[in-house]
Amino acid sequence: MIEIKFYITTPIYYVNDVPHIGHAYTTIAADIIARWNRVKGKEVFFLTGLDEHGEKIAEAALKAGLTPQEFVDSIAPKFIKAWEKLNISNDDFIRTTEERHKKTVIEIIKRIYENGDIYKGEYEGWYCTACESFWTEIQLNNGRCPQCGREVKRLKEESYFFRLSKYQKKLLEFYERNPDFVLPESRKKEMINRIREGLKDISITRKTVKWAIQFPFDKEHSLYVWVDALINYISALDFPGEKFKKFWPPDVELMAKEINWFHSVIWPALLFSAGIELPRKNFVHGWWTVEGKKMSKSLGNVIDPIEMVNKYGSDALRYYLFREVPFGQDGDFSEKSLVNRINTELADSLGNLVNRVLVLVEKNFDGYVPKPKEKDKLTKLSLNVVKAVDESMEEFRFHSALNDIFFLVNESNKYINENKPWEIEDKEKLGGILYNLLETLRFISILIYPFMPETAGKIMKQLGIEKKISFDDLKWGILKSGTKIKRDKILFNKIIL
Ligand SMILES: [Zn+2]
């Protein structure tokens, strides 16, 4: 049976700050996968959203002279706007302060409690307010938070614990049975090693944090923000209704490496306890540095994705991020390198190819698609590239997919140079060559669509195609001769820095 549903999630982003390139990277990746699966004919549910509870938010709100709700309401539109600018095609946008979410969190916690996996205890440790994490003595870095380097405080308080230790064996068995549960491989190994070292029960409630969802079994306690946050993947599907039945489990959950532990160990254990099927795959990607340096507010080098879109366009940014670095690895953001790719690959190679072919069709065939003659090496190459791109996309090897697509672009440019259409006098022969180029352009437009939806649409429009983009159309010879092409402005302008 062919799977027709596809559920993909990004982590929900913490609203103590405006969106930066890291948020954009995960969200664009999810968008690429969502668009690809729609092209493949699946019914996609693509979820992103915001994590709006916790002490850090309450503190930021206080600083801004707002209530926590007013504060999160002021940040949320900035994320929504950013995703619009980046052409993100999410089907839902969940905020953890919504009723539908709170309701589901309580329902899931009840299930876990009734399963005997929550008990009352006392927690003592070093606490970092910024990271909302407790650390052990050993974990501290020179007495400071190992994650952000801030000061930590000694905290001891009554807390409810989740029996994570109970699920050690079950988790290892699950990893064994599902070798692709966490990708890339190196990230999976990290998790397996940590699980093998032994799992300790974890504190899931706080007594002092008010800006949180109340623990349903003790009014003095509230749930840790990360427990509440993880459950968003369920609450957005109106659990346990029809939507949940249709789309659960997630086919892929995307995340950056710092939250792999939460998604690949704690989350599965909570789901085991609640009796809910586990996600099929977690894909963990790396971090971005900027011009070789760590991105930080204090260095003033945080990349604003909206500023990049305003300067270079959404498609160029989307292309750059996934061409520059293999998905999964760490990468370095460099504006110079972005501009270089726009100039050489998008303007010189792709933009120029489209323009050249259409000018030739206008000049020799009054702008009408000529009759096909014979398939040739360009046909074979196009079909091979489709196969290769399909394989790469299914494995999230975006970098390879783009490499192959641009190989086809470059080979098409070479094909023009080799065949010298301007020297061919035989109209039929010339028509055949131009037809093959137009078909290749059509293939290219479908293949680049997940990465560059705007550009794909522009190419299709110029080819006179109005149909919805579908993988099934990646068959040779679909473009009808006699179709009127509509040459438009060049796709990418060169940028001088
Ligand atoms: Zn910290």
# chains A, B, ... in the order shown; residues from 1 in each chain; ligands from 1

$ residues_near_ligand --ligand "ligand 1" --cutoff "12 Å" --atoms "only C-alpha atoms and all ligand atoms" --output "count of residues only"
25

$ residues_around --residues "Val309 (chain A)" --least-positions-apart "4" --cutoff "12 Å" --atoms "only C-alpha atoms" --output "PDB file with C-alpha atoms, in the first residue's frame"
ATOM      1  CA  ILE A  21      18.636  32.187  10.703  1.00  0.00           C
ATOM      2  CA  ALA A  24      14.605  29.802   9.460  1.00  0.00           C
ATOM      3  CA  LYS A  81       5.492  37.220   9.113  1.00  0.00           C
ATOM      4  CA  ALA A  82       8.957  35.705   8.722  1.00  0.00           C
ATOM      5  CA  TRP A  83       7.509  32.407   7.508  1.00  0.00           C
ATOM      6  CA  GLU A  84       5.307  34.228   5.019  1.00  0.00           C
ATOM      7  CA  LYS A  85       8.346  36.048   3.685  1.00  0.00           C
ATOM      8  CA  LEU A  86      10.208  32.770   3.327  1.00  0.00           C
ATOM      9  CA  ASN A  87       7.291  31.114   1.527  1.00  0.00           C
ATOM     10  CA  ILE A 303      21.578  36.858  10.887  1.00  0.00           C
ATOM     11  CA  ASP A 304      18.064  38.176  10.411  1.00  0.00           C
ATOM     12  CA  PRO A 305      16.392  36.030   7.752  1.00  0.00           C
ATOM     13  CA  GLY A 313      14.938  37.285  -2.248  1.00  0.00           C
ATOM     14  CA  SER A 314      13.466  34.274  -0.515  1.00  0.00           C
ATOM     15  CA  ASP A 315      14.436  31.712  -3.161  1.00  0.00           C
ATOM     16  CA  ALA A 316      18.085  32.733  -3.193  1.00  0.00           C
ATOM     17  CA  LEU A 317      18.340  32.385   0.578  1.00  0.00           C
ATOM     18  CA  ARG A 318      16.528  29.032   0.558  1.00  0.00           C
ATOM     19  CA  TYR A 319      18.813  27.798  -2.204  1.00  0.00           C
ATOM     20  CA  TYR A 320      21.988  28.978  -0.531  1.00  0.00           C
ATOM     21  CA  LEU A 338      25.590  33.652  -0.790  1.00  0.00           C
TER      22      LEU A 338
END

$ select_by_dssp --residues "region 262-430 of chain A" --states "helix (DSSP H, G or I)" --output "number ranges by chain"
A: 262-274, 305-312, 314-324, 335-365, 377-394, 398-419, 421-423, 427-430

$ closest_residue --among "A:Asn260, A:Glu395, A:Ala29, A:Glu176" --to "Arg323 (chain A)" --atoms "only C-alpha atoms"
A:Ala29

$ atom_distance --atom1 "CA of Lys40 (chain A)" --atom2 "CA of Asp376 (chain A)"
26.5 Å

$ closest_residue --among "A:Leu155, A:Ile75, A:Leu199, A:Leu402" --to "Val325 (chain A)" --atoms "only C-alpha atoms"
A:Leu402
